[in-house]
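As provided, target37.txt (compact mmCIF, C-alpha atoms) reads as follows.
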# COMPACT_ATOMS: atom_id res chain seq x y z
CA ASP V 619 200.49 35.79 161.64
CA THR V 620 203.87 34.07 161.55
CA GLU V 621 202.86 30.44 161.56
CA VAL V 622 204.28 27.29 160.07
CA THR V 623 202.06 24.27 160.64
CA GLN V 624 203.45 20.74 160.69
CA THR V 625 201.60 17.43 160.73
CA PRO V 626 201.68 14.96 162.27
CA LYS V 627 203.18 16.05 165.59
CA HIS V 628 204.22 12.48 166.37
CA LEU V 629 204.89 9.57 164.01
CA VAL V 630 206.03 6.04 164.73
CA MET V 631 206.98 3.97 161.71
CA GLY V 632 208.62 0.69 160.96
CA MET V 633 211.72 0.40 158.82
CA THR V 634 209.71 -0.89 155.85
CA ASN V 635 206.95 1.71 156.04
CA LYS V 636 206.33 4.67 153.76
CA LYS V 637 205.08 7.81 155.44
CA SER V 638 205.10 11.57 154.87
CA LEU V 639 205.57 14.67 156.95
CA LYS V 640 203.62 17.73 155.90
CA CYS V 641 204.25 21.43 156.33
CA GLU V 642 202.11 24.43 155.43
CA GLN V 643 202.51 28.19 155.61
CA HIS V 644 200.27 31.00 154.41
CA MET V 645 202.64 33.92 154.87
CA GLY V 646 203.50 34.20 151.19
CA HIS V 647 207.00 32.91 151.86
CA ARG V 648 208.90 31.58 148.85
CA ALA V 649 211.69 29.74 150.68
CA MET V 650 210.96 26.62 152.68
CA TYR V 651 213.28 24.36 154.62
CA TRP V 652 213.54 20.97 156.28
CA TYR V 653 215.80 20.62 159.30
CA LYS V 654 216.58 17.53 161.40
CA GLN V 655 217.25 17.89 165.11
CA LYS V 656 218.58 15.15 167.37
CA ALA V 657 218.25 15.43 171.14
CA LYS V 658 220.48 18.10 172.74
CA LYS V 659 221.82 19.13 169.31
CA PRO V 660 221.21 22.12 167.05
CA PRO V 661 219.03 21.77 163.96
CA GLU V 662 220.83 20.47 160.87
CA LEU V 663 219.76 21.65 157.45
CA MET V 664 218.46 18.96 155.09
CA PHE V 665 216.79 20.70 152.16
CA VAL V 666 215.97 24.18 150.91
CA TYR V 667 213.28 25.02 148.38
CA SER V 668 213.33 28.41 146.74
CA TYR V 669 210.35 29.38 144.59
CA GLU V 670 209.23 25.74 144.62
CA LYS V 671 212.53 24.48 143.27
CA LEU V 672 215.01 22.45 145.28
CA SER V 673 218.02 24.69 145.75
CA ILE V 674 219.97 22.91 148.48
CA ASN V 675 220.27 19.23 149.34
CA GLU V 676 222.76 18.73 152.13
CA SER V 677 223.77 15.24 150.99
CA VAL V 678 220.71 13.71 152.58
CA PRO V 679 220.18 9.95 152.01
CA SER V 680 217.66 9.11 149.30
CA ARG V 681 215.34 7.49 151.83
CA PHE V 682 214.29 11.10 152.52
CA SER V 683 212.50 12.63 149.54
CA PRO V 684 211.27 16.23 149.67
CA GLU V 685 208.45 17.63 147.59
CA CYS V 686 207.12 21.15 147.18
CA PRO V 687 203.69 20.88 145.47
CA ASN V 688 203.06 24.63 145.64
CA SER V 689 204.31 27.76 147.34
CA SER V 690 202.45 27.00 150.58
CA LEU V 691 203.17 23.31 151.03
CA LEU V 692 206.26 21.24 151.70
CA ASN V 693 206.33 17.50 152.18
CA LEU V 694 209.01 15.09 153.31
CA HIS V 695 208.45 11.54 152.10
CA LEU V 696 210.02 8.83 154.21
CA HIS V 697 210.84 5.29 153.08
CA ALA V 698 213.00 2.51 154.48
CA LEU V 699 214.24 4.61 157.35
CA GLN V 700 216.69 3.45 159.99
CA PRO V 701 216.36 3.75 163.78
CA GLU V 702 219.06 6.43 163.75
CA ASP V 703 216.71 8.61 161.69
CA SER V 704 214.55 9.05 164.77
CA ALA V 705 214.58 12.77 165.50
CA LEU V 706 212.57 15.98 165.54
CA TYR V 707 211.97 17.19 161.97
CA LEU V 708 211.47 20.92 161.71
CA CYS V 709 209.93 22.73 158.79
CA ALA V 710 210.68 26.42 158.33
CA SER V 711 210.01 29.22 155.90
CA SER V 712 211.26 32.69 155.05
CA LEU V 713 210.15 35.42 152.69
CA THR V 714 212.95 34.46 150.32
CA GLY V 715 216.39 32.92 150.75
CA ALA V 716 217.97 36.37 150.66
CA LEU V 717 220.31 37.64 153.32
CA GLY V 718 218.66 38.74 156.53
CA ASN V 719 215.22 37.27 156.02
CA THR V 720 213.94 35.74 159.22
CA ILE V 721 213.39 31.99 159.16
CA TYR V 722 210.23 30.95 160.97
CA PHE V 723 210.00 27.44 162.36
CA GLY V 724 207.11 25.11 162.93
CA GLU V 725 206.62 23.08 166.11
CA GLY V 726 208.17 20.03 164.51
CA SER V 727 207.25 16.43 163.88
CA TRP V 728 208.66 13.86 166.29
CA LEU V 729 209.64 10.77 164.32
CA THR V 730 210.41 7.42 165.89
CA VAL V 731 211.64 4.58 163.67
CA VAL V 732 211.22 1.12 165.15
CA ALA B 661 232.93 29.82 155.89
CA GLN B 662 230.54 30.96 158.54
CA SER B 663 230.44 29.38 161.99
CA VAL B 664 229.07 30.06 165.44
CA THR B 665 230.53 29.25 168.85
CA GLN B 666 228.40 29.37 171.95
CA LEU B 667 230.46 29.38 175.12
CA GLY B 668 228.93 27.19 177.78
CA SER B 669 226.57 24.37 176.96
CA HIS B 670 224.73 24.94 180.24
CA VAL B 671 224.22 28.17 182.19
CA SER B 672 222.44 28.28 185.52
CA VAL B 673 221.22 31.51 187.13
CA SER B 674 219.05 32.44 190.07
CA GLU B 675 215.63 33.94 189.49
CA GLY B 676 216.04 37.71 189.23
CA ALA B 677 219.72 37.52 188.30
CA LEU B 678 221.33 38.73 185.09
CA VAL B 679 221.28 36.33 182.16
CA LEU B 680 224.32 36.36 179.84
CA LEU B 681 224.60 33.85 177.03
CA ARG B 682 227.71 34.14 174.89
CA CYS B 683 227.96 33.84 171.13
CA ASN B 684 230.94 34.39 168.85
CA TYR B 685 230.81 34.06 165.09
CA SER B 686 233.05 33.93 162.10
CA SER B 687 231.93 35.09 158.70
CA SER B 688 233.59 36.12 155.47
CA VAL B 689 231.02 38.87 154.91
CA PRO B 690 229.07 41.16 157.23
CA PRO B 691 226.77 38.66 158.89
CA TYR B 692 223.17 38.64 159.87
CA LEU B 693 222.85 37.24 163.39
CA PHE B 694 219.96 35.62 165.19
CA TRP B 695 219.03 34.25 168.58
CA TYR B 696 216.36 31.56 168.78
CA VAL B 697 214.82 29.94 171.85
CA GLN B 698 213.49 26.40 172.06
CA TYR B 699 211.26 25.43 174.94
CA PRO B 700 210.99 21.71 175.77
CA ASN B 701 209.25 19.68 173.08
CA GLN B 702 208.66 22.72 170.89
CA GLY B 703 210.04 24.29 167.74
CA LEU B 704 212.34 27.29 167.55
CA GLN B 705 211.09 30.79 168.21
CA LEU B 706 212.93 33.91 167.09
CA LEU B 707 214.06 36.09 170.02
CA LEU B 708 215.82 38.81 168.04
CA LYS B 709 218.00 39.45 165.03
CA TYR B 710 220.69 41.84 163.87
CA THR B 711 220.76 42.88 160.25
CA THR B 712 222.22 46.37 159.86
CA GLY B 713 222.06 49.65 161.74
CA ALA B 714 221.82 49.87 165.52
CA THR B 715 224.12 47.37 167.16
CA LEU B 716 221.98 46.96 170.28
CA VAL B 717 218.99 44.87 169.36
CA LYS B 718 215.94 44.41 171.55
CA GLY B 719 213.86 41.28 171.29
CA ILE B 720 210.92 39.60 172.89
CA ASN B 721 210.54 38.65 176.56
CA GLY B 722 212.98 41.35 177.73
CA PHE B 723 216.03 39.95 175.92
CA GLU B 724 218.55 42.04 174.05
CA ALA B 725 221.84 41.46 172.27
CA GLU B 726 224.70 43.66 171.17
CA PHE B 727 226.62 43.18 167.94
CA LYS B 728 230.32 43.90 168.46
CA LYS B 729 232.17 43.61 165.18
CA SER B 730 235.61 44.09 166.75
CA GLU B 731 234.99 41.16 169.07
CA THR B 732 232.94 39.12 166.55
CA SER B 733 230.39 38.66 169.30
CA PHE B 734 226.63 38.76 169.67
CA HIS B 735 225.96 38.02 173.33
CA LEU B 736 222.40 37.70 174.63
CA THR B 737 221.39 39.35 177.89
CA LYS B 738 218.37 39.83 180.10
CA PRO B 739 218.54 41.95 183.27
CA SER B 740 216.39 39.71 185.42
CA ALA B 741 215.82 36.00 184.84
CA HIS B 742 212.38 34.49 185.20
CA MET B 743 211.55 30.84 185.70
CA SER B 744 209.83 30.81 182.32
CA ASP B 745 213.15 31.65 180.62
CA ALA B 746 214.43 28.11 181.20
CA ALA B 747 214.99 26.74 177.70
CA GLU B 748 217.60 25.99 175.05
CA TYR B 749 219.02 29.04 173.29
CA PHE B 750 220.62 28.94 169.86
CA CYS B 751 222.73 31.62 168.24
CA ALA B 752 222.79 31.51 164.43
CA VAL B 753 224.49 33.31 161.57
CA SER B 754 223.43 33.79 157.99
CA GLU B 755 225.32 34.96 154.95
CA GLY B 756 222.18 34.53 152.85
CA GLY B 757 221.87 33.21 149.32
CA ASN B 758 222.95 29.61 149.14
CA THR B 759 224.42 29.65 152.64
CA PRO B 760 221.41 29.49 154.92
CA LEU B 761 221.28 29.65 158.68
CA VAL B 762 224.15 28.04 160.62
CA PHE B 763 223.48 27.32 164.28
CA GLY B 764 225.71 27.18 167.30
CA LYS B 765 225.54 24.11 169.50
CA GLY B 766 223.11 25.76 171.90
CA THR B 767 223.14 26.80 175.53
CA ARG B 768 220.69 25.35 178.02
CA LEU B 769 219.55 27.97 180.51
CA SER B 770 218.35 26.82 183.91
CA VAL B 771 216.71 29.25 186.32
CA ILE B 772 216.84 28.43 190.01
CA ALA B 773 214.17 29.68 192.40
As structure tokens, how would this structure be written, given the file I've shared?
Amino acid sequence: DTEVTQTPKHLVMGMTNKKSLKCEQHMGHRAMYWYKQKAKKPPELMFVYSYEKLSINESVPSRFSPECPNSSLLNLHLHALQPEDSALYLCASSLTGALGNTIYFGEGSWLTVV
Amino acid sequence: AQSVTQLGSHVSVSEGALVLLRCNYSSSVPPYLFWYVQYPNQGLQLLLKYTTGATLVKGINGFEAEFKKSETSFHLTKPSAHMSDAAEYFCAVSEGGNTPLVFGKGTRLSVIA
């Protein structure tokens, strides 16, 4: 079963709020990813975790804080976001970060910042 | 550095007609290539991928793609379009390691009855 589960599906938050997006996979994958996707655009990589360690941070503002509590879970903590951060946030995973491994995506969390 | 170019941001075909979505890539090493589909308000679903070996790759829902190294292309085709194929299609390339998936800008496929 190739499934990445994301919660919540929809989130509306104010600019002073603190919220979190959650992602879970039980495929034994050791690489997990956060992507941001704006309307009519391709996904943009934000973070990569490999074996629970942050391996790539694509110069993402500090108001986005990732966390990988264990090999199955990935969180994205949100604080003091701006309206332009409104987007679809996609979690993904792959067996490892090695060449050729398929990256499987979740359904995404729609974030609206008001 | 790796990059992907998808020719045509929007392609419209009649139901039953051939679907051809174009993808060209650049990569400093032999690439791994992927096609993903995104239906409205959903995440990305893998259609097919090329790693090594046979250059004609068959995927789900009747789609296939051919890797042509000499043309640096990986075009996606389907012999007969169905209404349910209407979606956004992304071509992506990976060099692995610390250079994860890089996406093209996407092509929106419309299917006309």
Query raised in the report: Quick one: of V:Ile721, V:Ala716, V:Leu706, V:Val732, who's nearest to chain B, counting all atoms listed in the file?
Result: V:Ala716
Requested in this report: For Ser754 (chain B), please output as JSON, numbers by chain all residues within 8 Å (counting all atoms listed in the file; exclusion window: fewer than 4 positions along the same chain).
Outcome: {"V": [717, 718], "B": [662, 691, 692, 693, 759, 760, 761, 762]}
Give the padded box for region 678-695 of chain B as lines of an AutoDock Vina configuration file: axis-aligned, covering all atoms listed in the file, 4 Å on each side, centre and edge lengths in Å to one decimal.
center_x = 226.3
center_y = 37.5
center_z = 170.0
size_x = 22.6
size_y = 15.3
size_z = 38.2
Please report as a tab-separated table every residue of chain B lying within 7 Å of chain V, along with the nearest atom pair and their distance in Å (one decimal), using all atoms listed in the file.
residue	atom	partner	partner_atom	distance
B:Tyr692	CA	V:Gly718	CA	5.6
B:Gln702	CA	V:Glu725	CA	5.2
B:Gly703	CA	V:Glu725	CA	4.0
B:Leu704	CA	V:Phe723	CA	5.7
B:Gln705	CA	V:Phe723	CA	6.8
B:Thr711	CA	V:Gly718	CA	5.9
B:Ser754	CA	V:Leu717	CA	6.8
B:Glu755	CA	V:Leu717	CA	5.9
B:Gly756	CA	V:Leu717	CA	3.7
B:Gly757	CA	V:Ala716	CA	5.2
B:Phe763	CA	V:Pro660	CA	6.3
B:Gly764	CA	V:Pro660	CA	6.8
B:Lys765	CA	V:Pro660	CA	5.4
B:Gly766	CA	V:Pro660	CA	6.4
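Separating CA of Thr737 (chain B) from CA of Asn701 (chain B) is a distance of 23.6 Å.
If you measure from each of V:Ala698, V:Leu692, V:Leu672, V:Leu729 to Lys640 (chain V) using only C-alpha atoms, the closest one turns out to be V:Leu692.
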Query - Exercise: region 677-689 of chain V partners within 7 Å, only C-alpha atoms, chain neighbours under 6 positions left out, as a ChimeraX atom specification - result: /V:648,664,669-670,695-699
Resulting file, chosen residues, C-alpha atoms, as a PDB file, keeping the file's coordinate frame:
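Saved as part27.pdb:
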ATOM      1  CA  ARG V 648     208.900  31.580 148.850  1.00  0.00           C
ATOM      2  CA  MET V 664     218.460  18.960 155.090  1.00  0.00           C
ATOM      3  CA  TYR V 669     210.350  29.380 144.590  1.00  0.00           C
ATOM      4  CA  GLU V 670     209.230  25.740 144.620  1.00  0.00           C
ATOM      5  CA  HIS V 695     208.450  11.540 152.100  1.00  0.00           C
ATOM      6  CA  LEU V 696     210.020   8.830 154.210  1.00  0.00           C
ATOM      7  CA  HIS V 697     210.840   5.290 153.080  1.00  0.00           C
ATOM      8  CA  ALA V 698     213.000   2.510 154.480  1.00  0.00           C
ATOM      9  CA  LEU V 699     214.240   4.610 157.350  1.00  0.00           C
TER      10      LEU V 699
END
Report task. Choose the residue, out of B:Phe723, B:Phe734, B:Tyr710, B:Tyr699, that has the smallest atom-to-atom separation from Glu748 (chain B); count all atoms listed in the file. Result ->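 Comparing B:Phe723, B:Phe734, B:Tyr710, B:Tyr699 against Glu748 (chain B), the winner is B:Tyr699.
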Pull out chain V, keep C-alpha atoms, and write it as a PDB file, in the first residue's frame.
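What ended up in out.pdb:
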ATOM      1  CA  ASP V 619       0.000   0.000   0.000  1.00  0.00           C
ATOM      2  CA  THR V 620       1.631   3.198  -1.207  1.00  0.00           C
ATOM      3  CA  GLU V 621      -0.010   5.761   1.026  1.00  0.00           C
ATOM      4  CA  VAL V 622       1.075   9.018   2.556  1.00  0.00           C
ATOM      5  CA  THR V 623      -1.541  10.487   4.875  1.00  0.00           C
ATOM      6  CA  GLN V 624      -1.733  14.208   5.584  1.00  0.00           C
ATOM      7  CA  THR V 625      -3.807  16.059   8.169  1.00  0.00           C
ATOM      8  CA  PRO V 626      -5.604  18.355   8.211  1.00  0.00           C
ATOM      9  CA  LYS V 627      -6.864  18.543   4.630  1.00  0.00           C
ATOM     10  CA  HIS V 628      -7.819  22.191   5.089  1.00  0.00           C
ATOM     11  CA  LEU V 629      -6.478  24.767   7.540  1.00  0.00           C
ATOM     12  CA  VAL V 630      -7.315  28.432   7.959  1.00  0.00           C
ATOM     13  CA  MET V 631      -5.071  30.374  10.301  1.00  0.00           C
ATOM     14  CA  GLY V 632      -4.443  33.929  11.278  1.00  0.00           C
ATOM     15  CA  MET V 633      -1.056  35.575  10.941  1.00  0.00           C
ATOM     16  CA  THR V 634      -0.416  35.323  14.686  1.00  0.00           C
ATOM     17  CA  ASN V 635      -1.492  31.705  15.068  1.00  0.00           C
ATOM     18  CA  LYS V 636       0.668  28.638  15.616  1.00  0.00           C
ATOM     19  CA  LYS V 637      -0.461  25.493  13.853  1.00  0.00           C
ATOM     20  CA  SER V 638       1.030  22.262  12.537  1.00  0.00           C
ATOM     21  CA  LEU V 639       0.636  20.084   9.488  1.00  0.00           C
ATOM     22  CA  LYS V 640       1.101  16.363   9.993  1.00  0.00           C
ATOM     23  CA  CYS V 641       2.204  13.600   7.666  1.00  0.00           C
ATOM     24  CA  GLU V 642       2.421   9.850   8.200  1.00  0.00           C
ATOM     25  CA  GLN V 643       3.588   6.885   6.157  1.00  0.00           C
ATOM     26  CA  HIS V 644       3.916   3.215   7.042  1.00  0.00           C
ATOM     27  CA  MET V 645       5.824   2.018   3.997  1.00  0.00           C
ATOM     28  CA  GLY V 646       9.167   1.851   5.777  1.00  0.00           C
ATOM     29  CA  HIS V 647      10.420   4.834   3.796  1.00  0.00           C
ATOM     30  CA  ARG V 648      13.438   6.647   5.230  1.00  0.00           C
ATOM     31  CA  ALA V 649      13.243   9.838   3.166  1.00  0.00           C
ATOM     32  CA  MET V 650      10.431  12.315   3.690  1.00  0.00           C
ATOM     33  CA  TYR V 651       9.750  15.634   2.017  1.00  0.00           C
ATOM     34  CA  TRP V 652       7.723  18.809   2.289  1.00  0.00           C
ATOM     35  CA  TYR V 653       6.732  20.591  -0.912  1.00  0.00           C
ATOM     36  CA  LYS V 654       4.771  23.822  -1.374  1.00  0.00           C
ATOM     37  CA  GLN V 655       2.508  24.247  -4.385  1.00  0.00           C
ATOM     38  CA  LYS V 656       0.852  27.483  -5.452  1.00  0.00           C
ATOM     39  CA  ALA V 657      -2.077  27.460  -7.863  1.00  0.00           C
ATOM     40  CA  LYS V 658      -1.169  26.517 -11.456  1.00  0.00           C
ATOM     41  CA  LYS V 659       2.485  25.993 -10.473  1.00  0.00           C
ATOM     42  CA  PRO V 660       4.642  22.905  -9.956  1.00  0.00           C
ATOM     43  CA  PRO V 661       5.532  21.761  -6.446  1.00  0.00           C
ATOM     44  CA  GLU V 662       8.554  23.486  -4.912  1.00  0.00           C
ATOM     45  CA  LEU V 663      10.795  21.578  -2.545  1.00  0.00           C
ATOM     46  CA  MET V 664      11.009  22.956   0.999  1.00  0.00           C
ATOM     47  CA  PHE V 665      12.672  20.312   3.160  1.00  0.00           C
ATOM     48  CA  VAL V 666      14.090  16.807   2.919  1.00  0.00           C
ATOM     49  CA  TYR V 667      14.597  14.442   5.832  1.00  0.00           C
ATOM     50  CA  SER V 668      16.799  11.423   5.359  1.00  0.00           C
ATOM     51  CA  TYR V 669      16.872   8.836   8.150  1.00  0.00           C
ATOM     52  CA  GLU V 670      15.146  11.347  10.433  1.00  0.00           C
ATOM     53  CA  LYS V 671      17.797  13.997   9.894  1.00  0.00           C
ATOM     54  CA  LEU V 672      17.227  17.208   7.983  1.00  0.00           C
ATOM     55  CA  SER V 673      19.323  16.913   4.846  1.00  0.00           C
ATOM     56  CA  ILE V 674      17.970  19.718   2.668  1.00  0.00           C
ATOM     57  CA  ASN V 675      16.476  23.079   3.572  1.00  0.00           C
ATOM     58  CA  GLU V 676      15.750  25.076   0.455  1.00  0.00           C
ATOM     59  CA  SER V 677      16.234  28.448   2.165  1.00  0.00           C
ATOM     60  CA  VAL V 678      12.769  28.324   3.645  1.00  0.00           C
ATOM     61  CA  PRO V 679      11.819  31.175   6.032  1.00  0.00           C
ATOM     62  CA  SER V 680      12.075  30.304   9.714  1.00  0.00           C
ATOM     63  CA  ARG V 681       8.335  30.730  10.177  1.00  0.00           C
ATOM     64  CA  PHE V 682       8.198  27.194   8.737  1.00  0.00           C
ATOM     65  CA  SER V 683       9.776  24.666  11.099  1.00  0.00           C
ATOM     66  CA  PRO V 684       9.946  20.985  10.143  1.00  0.00           C
ATOM     67  CA  GLU V 685      10.187  18.124  12.586  1.00  0.00           C
ATOM     68  CA  CYS V 686      10.672  14.405  12.082  1.00  0.00           C
ATOM     69  CA  PRO V 687       9.809  12.674  15.400  1.00  0.00           C
ATOM     70  CA  ASN V 688      10.355   9.183  13.991  1.00  0.00           C
ATOM     71  CA  SER V 689      10.725   7.352  10.708  1.00  0.00           C
ATOM     72  CA  SER V 690       6.963   7.359  10.044  1.00  0.00           C
ATOM     73  CA  LEU V 691       6.032  10.912  10.967  1.00  0.00           C
ATOM     74  CA  LEU V 692       6.812  14.334   9.583  1.00  0.00           C
ATOM     75  CA  ASN V 693       5.448  17.596  10.907  1.00  0.00           C
ATOM     76  CA  LEU V 694       5.540  21.142   9.620  1.00  0.00           C
ATOM     77  CA  HIS V 695       5.112  23.743  12.352  1.00  0.00           C
ATOM     78  CA  LEU V 696       3.721  27.072  11.229  1.00  0.00           C
ATOM     79  CA  HIS V 697       4.063  30.382  13.059  1.00  0.00           C
ATOM     80  CA  ALA V 698       3.548  34.007  12.077  1.00  0.00           C
ATOM     81  CA  LEU V 699       2.747  33.163   8.494  1.00  0.00           C
ATOM     82  CA  GLN V 700       1.931  35.693   5.799  1.00  0.00           C
ATOM     83  CA  PRO V 701      -1.011  35.637   3.371  1.00  0.00           C
ATOM     84  CA  GLU V 702       1.396  34.768   0.552  1.00  0.00           C
ATOM     85  CA  ASP V 703       2.127  31.491   2.356  1.00  0.00           C
ATOM     86  CA  SER V 704      -1.353  30.306   1.434  1.00  0.00           C
ATOM     87  CA  ALA V 705      -0.836  27.233  -0.731  1.00  0.00           C
ATOM     88  CA  LEU V 706      -1.171  23.475  -0.983  1.00  0.00           C
ATOM     89  CA  TYR V 707       1.460  21.773   1.184  1.00  0.00           C
ATOM     90  CA  LEU V 708       2.411  18.326  -0.012  1.00  0.00           C
ATOM     91  CA  CYS V 709       4.164  15.694   2.024  1.00  0.00           C
ATOM     92  CA  ALA V 710       5.988  12.908   0.224  1.00  0.00           C
ATOM     93  CA  SER V 711       8.187   9.934   0.972  1.00  0.00           C
ATOM     94  CA  SER V 712      10.553   7.554  -0.781  1.00  0.00           C
ATOM     95  CA  LEU V 713      12.414   4.428   0.224  1.00  0.00           C
ATOM     96  CA  THR V 714      15.595   6.456   0.518  1.00  0.00           C
ATOM     97  CA  GLY V 715      16.919   9.590  -1.151  1.00  0.00           C
ATOM     98  CA  ALA V 716      18.909   7.479  -3.592  1.00  0.00           C
ATOM     99  CA  LEU V 717      18.698   7.887  -7.332  1.00  0.00           C
ATOM    100  CA  GLY V 718      15.622   6.422  -8.936  1.00  0.00           C
ATOM    101  CA  ASN V 719      13.507   5.824  -5.864  1.00  0.00           C
ATOM    102  CA  THR V 720       9.920   6.786  -6.510  1.00  0.00           C
ATOM    103  CA  ILE V 721       8.578   9.670  -4.457  1.00  0.00           C
ATOM    104  CA  TYR V 722       5.025   9.092  -3.276  1.00  0.00           C
ATOM    105  CA  PHE V 723       2.863  12.095  -2.476  1.00  0.00           C
ATOM    106  CA  GLY V 724       0.035  12.630  -0.058  1.00  0.00           C
ATOM    107  CA  GLU V 725      -3.201  14.417  -0.947  1.00  0.00           C
ATOM    108  CA  GLY V 726      -1.923  17.648   0.539  1.00  0.00           C
ATOM    109  CA  SER V 727      -3.025  20.165   3.125  1.00  0.00           C
ATOM    110  CA  TRP V 728      -4.693  23.320   1.838  1.00  0.00           C
ATOM    111  CA  LEU V 729      -3.498  26.252   3.927  1.00  0.00           C
ATOM    112  CA  THR V 730      -5.147  29.654   3.931  1.00  0.00           C
ATOM    113  CA  VAL V 731      -3.547  32.472   5.923  1.00  0.00           C
ATOM    114  CA  VAL V 732      -5.876  35.343   6.749  1.00  0.00           C
TER     115      VAL V 732
END
